[in-house]
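run-v7.txt (compact mmCIF, C-alpha atoms) appears below.
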```txt
# COMPACT_ATOMS: atom_id res chain seq x y z
CA MET A 11 31.83 129.20 105.74
CA ALA A 12 31.46 128.74 109.48
CA ASP A 13 34.33 129.81 111.70
CA VAL A 14 36.70 127.13 112.91
CA THR A 15 36.17 126.29 116.58
CA LYS A 16 38.61 125.30 119.29
CA GLU A 17 36.80 121.96 119.62
CA GLN A 18 37.34 121.20 115.90
CA VAL A 19 41.03 122.06 116.22
CA LEU A 20 41.48 119.74 119.21
CA GLU A 21 39.57 116.96 117.42
CA THR A 22 41.90 117.31 114.43
CA LEU A 23 44.98 117.30 116.67
CA LYS A 24 43.94 113.90 118.01
CA THR A 25 45.35 112.49 114.74
CA VAL A 26 48.88 113.55 115.79
CA ARG A 27 50.80 110.95 117.80
CA GLY A 28 52.78 111.96 120.87
CA PRO A 29 56.40 111.03 121.68
CA ASP A 30 55.36 107.59 122.98
CA LEU A 31 53.77 106.82 119.53
CA GLU A 32 50.83 105.23 121.37
CA HIS A 33 48.74 108.22 122.49
CA ASP A 34 47.81 111.44 120.72
CA ILE A 35 49.09 114.87 121.80
CA VAL A 36 45.64 115.96 123.07
CA GLU A 37 45.23 112.84 125.22
CA LEU A 38 48.75 113.40 126.60
CA GLY A 39 47.78 116.95 127.66
CA MET A 40 50.55 118.48 125.55
CA VAL A 41 48.42 121.08 123.73
CA SER A 42 48.13 124.55 125.25
CA ASP A 43 44.97 126.66 125.10
CA VAL A 44 44.03 127.22 121.47
CA PHE A 45 43.51 130.80 120.27
CA ILE A 46 41.78 131.54 116.95
CA SER A 47 41.75 134.99 115.35
CA ASP A 48 40.94 135.94 111.75
CA GLY A 49 40.99 132.29 110.68
CA LYS A 50 44.50 131.83 112.09
CA VAL A 51 45.06 129.21 114.77
CA TYR A 52 47.65 129.73 117.52
CA PHE A 53 48.77 127.15 120.09
CA SER A 54 51.88 125.54 121.54
CA ILE A 55 52.85 121.95 122.31
CA THR A 56 54.56 121.35 125.65
CA VAL A 57 57.57 119.00 125.42
CA PRO A 58 60.55 118.07 127.61
CA ALA A 59 63.24 120.72 127.08
CA GLU A 60 65.94 118.17 126.27
CA ARG A 61 63.82 116.51 123.55
CA ALA A 62 62.64 119.64 121.73
CA LYS A 63 64.89 119.21 118.70
CA GLU A 64 63.96 115.57 118.05
CA LEU A 65 60.23 116.38 118.45
CA GLU A 66 60.24 119.08 115.76
CA PRO A 67 58.58 116.67 113.25
CA MET A 68 55.65 116.34 115.70
CA ARG A 69 55.24 120.15 115.68
CA LEU A 70 55.34 120.18 111.88
CA ALA A 71 52.73 117.40 111.73
CA ALA A 72 50.40 119.32 114.07
CA GLU A 73 50.85 122.49 112.03
CA ARG A 74 50.18 120.66 108.77
CA VAL A 75 46.92 118.99 109.87
CA ILE A 76 45.54 122.29 111.20
CA LYS A 77 46.45 124.21 108.03
CA GLU A 78 44.60 121.58 106.00
CA MET A 79 41.35 122.19 107.93
CA PRO A 80 38.62 123.98 105.92
CA GLY A 81 38.35 127.63 106.95
CA VAL A 82 41.87 127.85 108.41
CA LYS A 83 43.99 130.60 106.83
CA GLY A 84 47.16 129.83 108.76
CA ALA A 85 48.57 128.21 111.88
CA LEU A 86 51.30 129.22 114.32
CA VAL A 87 52.49 126.26 116.35
CA THR A 88 55.49 126.32 118.69
CA LEU A 89 57.19 123.90 121.01
CA THR A 90 57.23 125.09 124.61
CA ALA A 91 59.73 123.57 127.02
CA ASP A 92 58.14 122.76 130.36
CA ARG A 93 59.82 120.35 132.74
CA LYS A 94 56.61 119.72 134.70
CA ALA A 95 55.19 118.02 131.58
CA ALA A 96 58.41 116.23 130.70
CA ALA A 97 57.07 112.70 131.16
CA ALA A 98 54.37 113.31 128.52
CA THR A 99 52.30 110.31 129.60
CA PRO A 100 48.58 110.20 130.40
CA PRO A 101 47.78 110.00 134.11
CA ALA A 102 45.67 106.84 133.88
CA ARG A 103 48.09 104.45 132.12
CA PRO A 104 51.83 105.13 131.76
CA ALA A 105 53.42 104.45 128.39
CA PRO A 106 55.17 101.08 128.29
CA ASN A 107 58.45 102.69 127.22
CA PRO A 108 58.68 106.14 128.78
CA PRO A 109 61.17 108.56 127.22
CA HIS A 110 64.78 108.07 128.35
CA GLY A 111 65.56 109.74 131.66
CA HIS A 112 61.96 109.83 132.87
CA ALA A 113 61.31 106.27 134.00
CA GLY A 114 60.09 106.34 137.57
CA HIS A 115 61.75 109.66 138.50
CA ASP A 116 61.53 113.02 136.74
CA HIS A 117 65.21 113.98 136.81
CA SER A 118 65.88 117.17 134.91
CA HIS A 119 69.17 117.85 133.14
CA ASP A 120 71.21 121.01 133.08
CA HIS A 121 72.92 122.37 129.98
CA ARG A 122 75.95 120.15 130.59
CA GLY A 123 73.84 116.98 130.67
CA HIS A 124 74.22 116.19 134.40
CA ALA A 125 71.17 114.92 136.24
CA HIS A 126 69.72 116.94 139.11
CA PRO A 127 66.57 116.47 141.14
CA PRO A 128 63.97 119.11 140.20
CA GLN A 129 64.38 121.06 143.44
CA GLN A 130 68.08 121.68 142.60
CA GLN A 131 67.33 122.78 139.03
CA SER A 132 68.49 126.31 138.30
CA PRO A 133 65.56 128.56 137.33
CA ARG A 134 67.59 129.53 134.23
CA ALA A 135 67.93 125.97 132.87
CA GLY A 136 65.70 124.93 129.97
CA ARG A 137 65.18 128.47 128.65
CA ILE A 138 65.36 128.32 124.91
CA GLY A 139 67.11 131.06 122.97
CA VAL A 140 66.00 132.73 119.75
CA PRO A 141 68.40 132.20 116.82
CA GLY A 142 69.89 135.43 115.51
CA ILE A 143 69.18 137.52 118.61
CA GLY A 144 72.24 138.42 120.68
CA ALA A 145 70.55 139.64 123.87
CA ILE A 146 66.96 139.93 125.09
CA ILE A 147 66.25 142.73 127.57
CA ALA A 148 62.98 143.10 129.48
CA VAL A 149 61.60 146.51 130.41
CA ALA A 150 59.30 146.06 133.39
CA SER A 151 57.46 147.93 136.12
CA GLY A 152 55.76 146.86 139.32
CA LYS A 153 52.57 148.77 138.39
CA GLY A 154 50.95 150.53 135.48
CA GLY A 155 50.99 154.24 134.74
CA VAL A 156 54.73 154.83 135.15
CA GLY A 157 55.49 155.32 131.44
CA LYS A 158 57.07 151.89 130.94
CA SER A 159 56.11 151.46 127.27
CA THR A 160 57.29 154.98 126.36
CA THR A 161 60.57 154.18 128.15
CA ALA A 162 60.87 150.84 126.30
CA VAL A 163 60.37 152.49 122.89
CA ASN A 164 62.87 155.28 123.55
CA LEU A 165 65.38 152.83 125.08
CA ALA A 166 65.12 150.70 121.91
CA LEU A 167 65.58 153.79 119.73
CA GLY A 168 68.50 154.86 121.96
CA LEU A 169 70.19 151.49 121.42
CA LEU A 170 69.56 151.88 117.69
CA ALA A 171 71.02 155.42 117.70
CA ASN A 172 74.09 153.99 119.45
CA GLY A 173 74.70 151.77 116.41
CA LEU A 174 72.98 148.47 117.30
CA ARG A 175 70.47 146.34 115.36
CA VAL A 176 67.33 146.44 117.48
CA GLY A 177 63.86 144.91 117.66
CA ILE A 178 61.03 145.48 120.14
CA LEU A 179 58.44 142.93 121.27
CA ASP A 180 55.23 144.23 122.83
CA ALA A 181 54.50 141.54 125.45
CA ASP A 182 51.41 143.32 126.80
CA ILE A 183 48.75 141.01 125.39
CA TYR A 184 45.80 142.81 127.02
CA GLY A 185 46.86 146.39 126.29
CA PRO A 186 49.31 146.42 123.37
CA SER A 187 50.65 149.95 122.84
CA MET A 188 53.41 149.60 120.21
CA PRO A 189 51.14 150.16 117.18
CA ARG A 190 50.22 153.61 118.57
CA LEU A 191 53.61 154.53 120.07
CA LEU A 192 55.43 153.68 116.82
CA LYS A 193 52.63 154.78 114.44
CA ILE A 194 52.33 151.39 112.73
CA SER A 195 49.08 150.06 111.31
CA GLY A 196 48.06 147.10 109.19
CA ARG A 197 48.64 143.36 109.44
CA PRO A 198 52.06 141.68 109.20
CA THR A 199 52.77 139.31 106.30
CA GLN A 200 53.62 135.64 106.74
CA ILE A 201 56.32 133.44 105.22
CA ASP A 202 54.99 130.04 104.10
CA GLY A 203 51.89 130.66 106.21
CA ARG A 204 53.88 130.14 109.42
CA ILE A 205 56.64 132.63 110.26
CA ILE A 206 55.49 136.25 110.67
CA ASN A 207 57.48 139.14 109.24
CA PRO A 208 57.84 141.83 111.92
CA MET A 209 56.52 145.31 111.23
CA GLU A 210 59.04 148.14 111.05
CA ASN A 211 59.33 151.88 111.71
CA TYR A 212 62.18 154.25 112.63
CA GLY A 213 64.60 151.37 111.89
CA LEU A 214 63.11 149.15 114.63
CA LYS A 215 61.67 145.69 113.94
CA VAL A 216 58.41 145.44 115.90
CA MET A 217 55.95 142.72 116.90
CA SER A 218 52.75 143.23 118.90
CA MET A 219 49.44 141.45 119.44
CA GLY A 220 47.97 144.82 118.39
CA PHE A 221 48.94 143.93 114.78
CA LEU A 222 47.07 140.62 114.90
CA VAL A 223 43.88 141.59 116.72
CA ASP A 224 41.71 144.67 116.22
CA GLU A 225 42.20 147.36 118.86
CA GLU A 226 38.56 147.13 119.95
CA THR A 227 38.71 143.35 120.47
CA ALA A 228 38.33 142.45 124.15
CA MET A 229 41.11 140.06 125.13
CA ILE A 230 39.80 137.66 127.78
CA TRP A 231 42.47 134.99 128.04
CA ARG A 232 43.59 132.58 130.70
CA GLY A 233 47.24 132.25 131.69
CA PRO A 234 48.23 129.39 129.32
CA MET A 235 46.80 131.27 126.32
CA VAL A 236 48.84 134.35 127.20
CA GLN A 237 51.94 132.19 127.60
CA SER A 238 51.39 130.54 124.23
CA ALA A 239 50.81 133.85 122.40
CA LEU A 240 53.90 135.43 123.97
CA LEU A 241 56.23 132.59 123.05
CA GLN A 242 54.84 132.46 119.50
CA MET A 243 55.40 136.19 119.02
CA LEU A 244 58.95 135.69 120.24
CA ARG A 245 59.90 132.53 118.36
CA GLU A 246 57.66 132.50 115.27
CA VAL A 247 58.77 135.92 113.99
CA ALA A 248 61.44 136.49 111.35
CA TRP A 249 63.54 138.84 113.49
CA GLY A 250 66.67 138.27 111.42
CA GLU A 251 70.01 139.18 112.98
CA LEU A 252 69.57 141.52 115.96
CA ASP A 253 72.07 142.68 118.56
CA VAL A 254 69.28 143.22 121.05
CA LEU A 255 65.53 142.62 121.40
CA VAL A 256 63.76 144.90 123.87
CA VAL A 257 60.67 143.32 125.43
CA ASP A 258 58.02 145.72 126.71
CA MET A 259 56.57 143.66 129.56
CA PRO A 260 53.01 144.04 130.86
CA PRO A 261 52.87 146.03 134.13
CA GLY A 262 52.98 144.08 137.37
CA THR A 263 54.35 140.65 138.29
CA GLY A 264 51.78 138.16 136.99
CA ASP A 265 51.71 135.13 134.64
CA ALA A 266 52.99 136.91 131.53
CA GLN A 267 56.01 138.31 133.34
CA LEU A 268 56.83 134.93 134.88
CA THR A 269 56.50 133.21 131.49
CA MET A 270 59.08 135.57 129.98
CA ALA A 271 61.36 135.41 133.02
CA GLN A 272 61.22 131.61 133.34
CA GLN A 273 61.19 130.48 129.70
CA VAL A 274 63.26 133.10 127.85
CA PRO A 275 67.02 133.57 128.34
CA LEU A 276 66.78 137.24 129.32
CA ALA A 277 70.14 139.01 129.41
CA GLY A 278 68.63 141.28 132.05
CA ALA A 279 65.75 143.50 133.11
CA VAL A 280 65.32 147.27 133.33
CA ILE A 281 62.86 148.43 135.99
CA VAL A 282 60.92 151.65 135.37
CA SER A 283 59.64 153.61 138.37
CA THR A 284 58.48 157.10 139.30
CA PRO A 285 59.86 159.07 142.27
CA GLN A 286 56.90 158.44 144.59
CA ASP A 287 57.47 156.01 147.45
CA LEU A 288 54.42 153.94 146.46
CA ALA A 289 55.78 153.35 142.97
CA LEU A 290 59.14 152.36 144.46
CA ILE A 291 57.46 149.76 146.67
CA ASP A 292 55.85 148.36 143.51
CA ALA A 293 59.19 148.50 141.71
CA ARG A 294 60.69 146.30 144.44
CA LYS A 295 58.17 143.57 143.55
CA GLY A 296 59.52 143.54 140.00
CA LEU A 297 63.11 143.49 141.22
CA ASN A 298 62.43 140.58 143.54
CA MET A 299 60.63 138.58 140.86
CA PHE A 300 63.57 138.79 138.45
CA ARG A 301 66.05 137.96 141.19
CA LYS A 302 64.09 134.84 142.16
CA VAL A 303 64.34 133.50 138.60
CA GLU A 304 68.01 134.53 138.29
CA VAL A 305 67.53 137.28 135.72
CA PRO A 306 70.08 140.08 136.25
CA VAL A 307 68.54 143.46 137.03
CA LEU A 308 70.40 145.91 134.79
CA GLY A 309 69.12 148.91 136.73
CA ILE A 310 66.33 151.34 137.52
CA VAL A 311 65.09 154.22 135.36
CA GLU A 312 63.32 157.01 137.22
CA ASN A 313 60.62 158.23 134.85
CA MET A 314 58.67 161.50 135.27
CA SER A 315 61.56 162.39 137.57
CA TYR A 316 61.02 166.15 137.41
CA PHE A 317 59.00 168.66 135.39
CA ILE A 318 60.57 171.06 132.90
CA ALA A 319 58.45 174.20 132.32
CA PRO A 320 57.90 174.55 128.55
CA ASP A 321 58.16 178.36 128.60
CA THR A 322 61.21 178.93 130.85
CA GLY A 323 62.95 175.54 130.91
CA THR A 324 62.93 175.72 134.74
CA ARG A 325 63.11 172.38 136.55
CA TYR A 326 60.50 171.57 139.21
CA ASP A 327 60.71 168.43 141.40
CA ILE A 328 56.95 168.13 141.68
CA PHE A 329 56.99 164.42 142.62
CA GLY A 330 59.82 164.61 145.13
CA HIS A 331 63.26 163.75 143.85
CA GLY A 332 65.92 161.08 144.05
CA GLY A 333 63.71 158.25 145.33
CA ALA A 334 64.69 155.78 142.62
CA ARG A 335 68.40 156.65 142.87
CA LYS A 336 68.34 156.06 146.66
CA GLU A 337 66.42 152.81 146.20
CA ALA A 338 68.93 151.61 143.58
CA GLU A 339 71.84 152.36 145.92
CA ARG A 340 70.08 150.68 148.84
CA ILE A 341 69.51 147.39 147.02
CA GLY A 342 72.75 147.49 145.04
CA VAL A 343 71.54 147.78 141.44
CA PRO A 344 72.70 150.40 138.91
CA PHE A 345 70.78 153.66 138.61
CA LEU A 346 70.37 154.18 134.87
CA GLY A 347 69.06 157.74 134.75
CA GLU A 348 66.31 160.30 135.34
CA VAL A 349 63.84 161.07 132.56
CA PRO A 350 61.98 164.38 132.99
CA LEU A 351 58.27 164.88 132.48
CA THR A 352 57.87 167.18 129.51
CA MET A 353 54.90 168.02 127.31
CA ASN A 354 56.92 166.75 124.36
CA ILE A 355 57.25 163.21 125.71
CA ARG A 356 53.48 162.87 126.15
CA GLU A 357 52.62 164.53 122.83
CA THR A 358 55.16 162.58 120.80
CA SER A 359 54.07 159.29 122.44
CA ASP A 360 50.43 159.95 121.54
CA ALA A 361 51.41 160.96 118.00
CA GLY A 362 53.62 157.90 117.43
CA THR A 363 56.76 160.00 116.95
CA PRO A 364 59.03 159.04 119.89
CA LEU A 365 61.46 161.75 121.00
CA VAL A 366 64.66 159.83 120.28
CA ALA A 367 63.51 159.53 116.64
CA SER A 368 61.73 162.89 116.23
CA GLU A 369 64.17 165.11 118.18
CA PRO A 370 67.42 163.11 118.13
CA ASN A 371 69.54 166.10 119.24
CA GLY A 372 67.23 167.15 122.10
CA ILE A 373 67.99 166.92 125.81
CA VAL A 374 65.58 164.04 126.45
CA ALA A 375 66.91 162.01 123.49
CA GLY A 376 70.39 162.43 124.96
CA ILE A 377 69.16 161.11 128.32
CA TYR A 378 67.64 158.01 126.67
CA ARG A 379 70.82 157.40 124.65
CA GLY A 380 72.81 157.60 127.89
CA ILE A 381 70.48 155.06 129.54
CA ALA A 382 70.83 152.81 126.47
CA ALA A 383 74.63 153.03 126.69
CA LYS A 384 74.61 152.02 130.39
CA VAL A 385 72.29 149.10 129.65
CA TRP A 386 74.38 147.84 126.73
CA GLU A 387 77.61 148.24 128.69
CA GLN A 388 76.34 145.55 131.06
CA VAL A 389 75.07 143.27 128.28
CA GLY A 390 77.33 143.83 125.26
CA GLY A 391 80.44 141.79 124.81
CA GLN A 392 79.27 139.12 127.26
CA PRO A 393 78.81 135.58 126.02
CA GLN A 394 75.15 134.55 125.86
CA ARG A 395 74.10 133.30 129.27
CA PRO A 396 73.91 129.53 129.70
CA ALA A 397 70.20 129.09 129.02
CA PRO A 398 69.82 128.41 125.29
CA THR A 399 70.94 124.82 124.76
CA ILE A 400 68.31 123.96 122.17
CA ILE A 401 67.80 125.85 118.91
CA PHE A 402 64.52 125.74 116.98
CA GLU A 403 65.18 125.69 113.26
```
What is this structure when it is put down as structure tokens?
Amino acid sequence: MADVTKEQVLETLKTVRGPDLEHDIVELGMVSDVFISDGKVYFSITVPAERAKELEPMRLAAERVIKEMPGVKGALVTLTADRKAAAATPPARPAPNPPHGHAGHDHSHDHRGHAHPPQQQSPRAGRIGVPGIGAIIAVASGKGGVGKSTTAVNLALGLLANGLRVGILDADIYGPSMPRLLKISGRPTQIDGRIINPMENYGLKVMSMGFLVDEETAMIWRGPMVQSALLQMLREVAWGELDVLVVDMPPGTGDAQLTMAQQVPLAGAVIVSTPQDLALIDARKGLNMFRKVEVPVLGIVENMSYFIAPDTGTRYDIFGHGGARKEAERIGVPFLGEVPLTMNIRETSDAGTPLVASEPNGIVAGIYRGIAAKVWEQVGGQPQRPAPTIIFE
């Protein structure tokens, strides 16, 4: 049987009516880029944030018609809140009865229901929470090569060791590293052909594009496809009840990072840097991005801070020392800790046996647990921030 094509999917979706009941969701421009892998179809439908709950039947209808297509093994369809597309009307001919609140002017609403012009809208409004997850924390870096993913894994394991229920989402679509770092292989199972069961190891619930696509597959996606895949991995996964979900962000400050920062109610972000001045300049980019979208920066971790000789245990500050601590003080964010460069960290990362799990009583595991405690101290016990007003059920 021939593979299903994107064109066939879009043609089929033309049978699904949009919110105005006059035009279809493809004609209204509500369908994101469609991604097809292994016979499974992934896409999102963009809707006004305040109407997401009432438009759930439209999402179910779209999912149903795609699942019924010959050659389709499953479909993952999510609603994405995007205020720019709130009117949901075709450009050529407006719907005769536009949705309430969007006639003539696109006035957004905050979580209390008061109208504001778009330019006054808080960047945090309209971010939709994930049921069952207490806090979502991003681990980010301004550039690659600073050990961000290794830090994210050991931070998650540190939170787990401190008694919390923890999951980790690998948001690096182009270079997913969680399957290797956590020694997990195979494909996740699905519930009712829609919700994905997360993979699990060391007590962590884990989701990564690396579980859905073969490692050798070249990922050449445009921004909207990345956005759709990220939000599906976040919201279409059976995470269960978690105290905290750690998100391993892609390096840099591009589309994927902005998608997470703008559309997900992040409790805060942890920035990973190395001691070199160049890396700190890059780290500042990450800090500034999160500040612009009103995501609290929980602090900076200085990774590869110093070298510990394996034979003598002597400490060598081969990269300079204290750069991240000084930077944190200068810009007024917490300094979370210094993680040394040891042979063990590299070897255990490559082997999929992270230090906090494989050597829980070691010095480095203690450092990560300390970082986890400082992070949770700022997040735990706080009410969820005022983003999630709509719950997907």
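The coordinates place atom CA of A:Val254 at 27.1 Å from atom CA of A:Glu357.
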Near A:Ser283, within 10 Å and counting all atoms listed in the file, which residues show up once chain neighbours fewer than 4 positions away are dropped, as a list of chain:residue names?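 Listed by chain and then number, they are A:Ala150, A:Ser151, A:Gly152, A:Lys153, A:Gly154, A:Gly155, A:Val156, A:Gly157, A:Lys158, A:Asp287, A:Leu288, A:Ala289, A:Leu290, A:Ile291, A:Asp292, A:Ala293, A:Arg294, A:Ile310, A:Val311, A:Glu312, A:Asn313, A:Met314, A:Ser315, A:Gly333, A:Ala334, A:Glu348.
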From the list A:Val282, A:Ile146, A:Ala338, A:Met217, which residue is nearest A:Leu255 when using only C-alpha atoms?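 Counting only C-alpha atoms, the residue closest to A:Leu255 is A:Ile146.
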Compile the contact shell of A:Leu192 as a list of chain:residue names: residues with an atom at most 8 Å away, counting all atoms listed in the file, same-chain residues fewer than 5 positions apart removed.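 What passes the distance filter is A:Val163, A:Asn211, A:Tyr212, A:Gly362, A:Thr363, A:Pro364.
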Straight-line distance linking atom CA of A:Ser218 with atom CA of A:Asp48, stated in Å to one decimal: 15.6 Å
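Among the candidates A:Asp253, A:Val36, A:Ser159, A:Ala166, the residue lying nearest to A:Gly142 is A:Asp253 (atoms considered: only C-alpha atoms).
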Find the distance between atom CA of A:Gln200 and atom CA of A:Ile46 and write it in Å to one decimal.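 Rounded to one decimal, the two atoms are 16.2 Å apart.
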Near-A:Gly390 list (12 Å; all atoms listed in the file; drop same-chain fewer than 2 positions) as a PyMOL selection string: chain A and resi 144-147+169+174+253-254+277-278+308+382-388+392-395
Restricting the output to C-alpha atoms, write the selected residues as a JSON list (two decimals), keeping the file's coordinate frame.
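The file below, result_2.json, is the result:
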```json
[["chain", "number", "residue", "atom", "x", "y", "z"],
["A", 144, "GLY", "CA", 72.24, 138.42, 120.68],
["A", 145, "ALA", "CA", 70.55, 139.64, 123.87],
["A", 146, "ILE", "CA", 66.96, 139.93, 125.09],
["A", 147, "ILE", "CA", 66.25, 142.73, 127.57],
["A", 169, "LEU", "CA", 70.19, 151.49, 121.42],
["A", 174, "LEU", "CA", 72.98, 148.47, 117.30],
["A", 253, "ASP", "CA", 72.07, 142.68, 118.56],
["A", 254, "VAL", "CA", 69.28, 143.22, 121.05],
["A", 277, "ALA", "CA", 70.14, 139.01, 129.41],
["A", 278, "GLY", "CA", 68.63, 141.28, 132.05],
["A", 308, "LEU", "CA", 70.40, 145.91, 134.79],
["A", 382, "ALA", "CA", 70.83, 152.81, 126.47],
["A", 383, "ALA", "CA", 74.63, 153.03, 126.69],
["A", 384, "LYS", "CA", 74.61, 152.02, 130.39],
["A", 385, "VAL", "CA", 72.29, 149.10, 129.65],
["A", 386, "TRP", "CA", 74.38, 147.84, 126.73],
["A", 387, "GLU", "CA", 77.61, 148.24, 128.69],
["A", 388, "GLN", "CA", 76.34, 145.55, 131.06],
["A", 392, "GLN", "CA", 79.27, 139.12, 127.26],
["A", 393, "PRO", "CA", 78.81, 135.58, 126.02],
["A", 394, "GLN", "CA", 75.15, 134.55, 125.86],
["A", 395, "ARG", "CA", 74.10, 133.30, 129.27]]
```
Using all atoms listed in the file, determine which residues lie at most 8 Å from A:Ile76, disregarding the query and same-chain residues fewer than 4 positions distant; provide the list as JSON, numbers by chain. {"A": [19, 22, 23, 51, 72, 82, 85]}
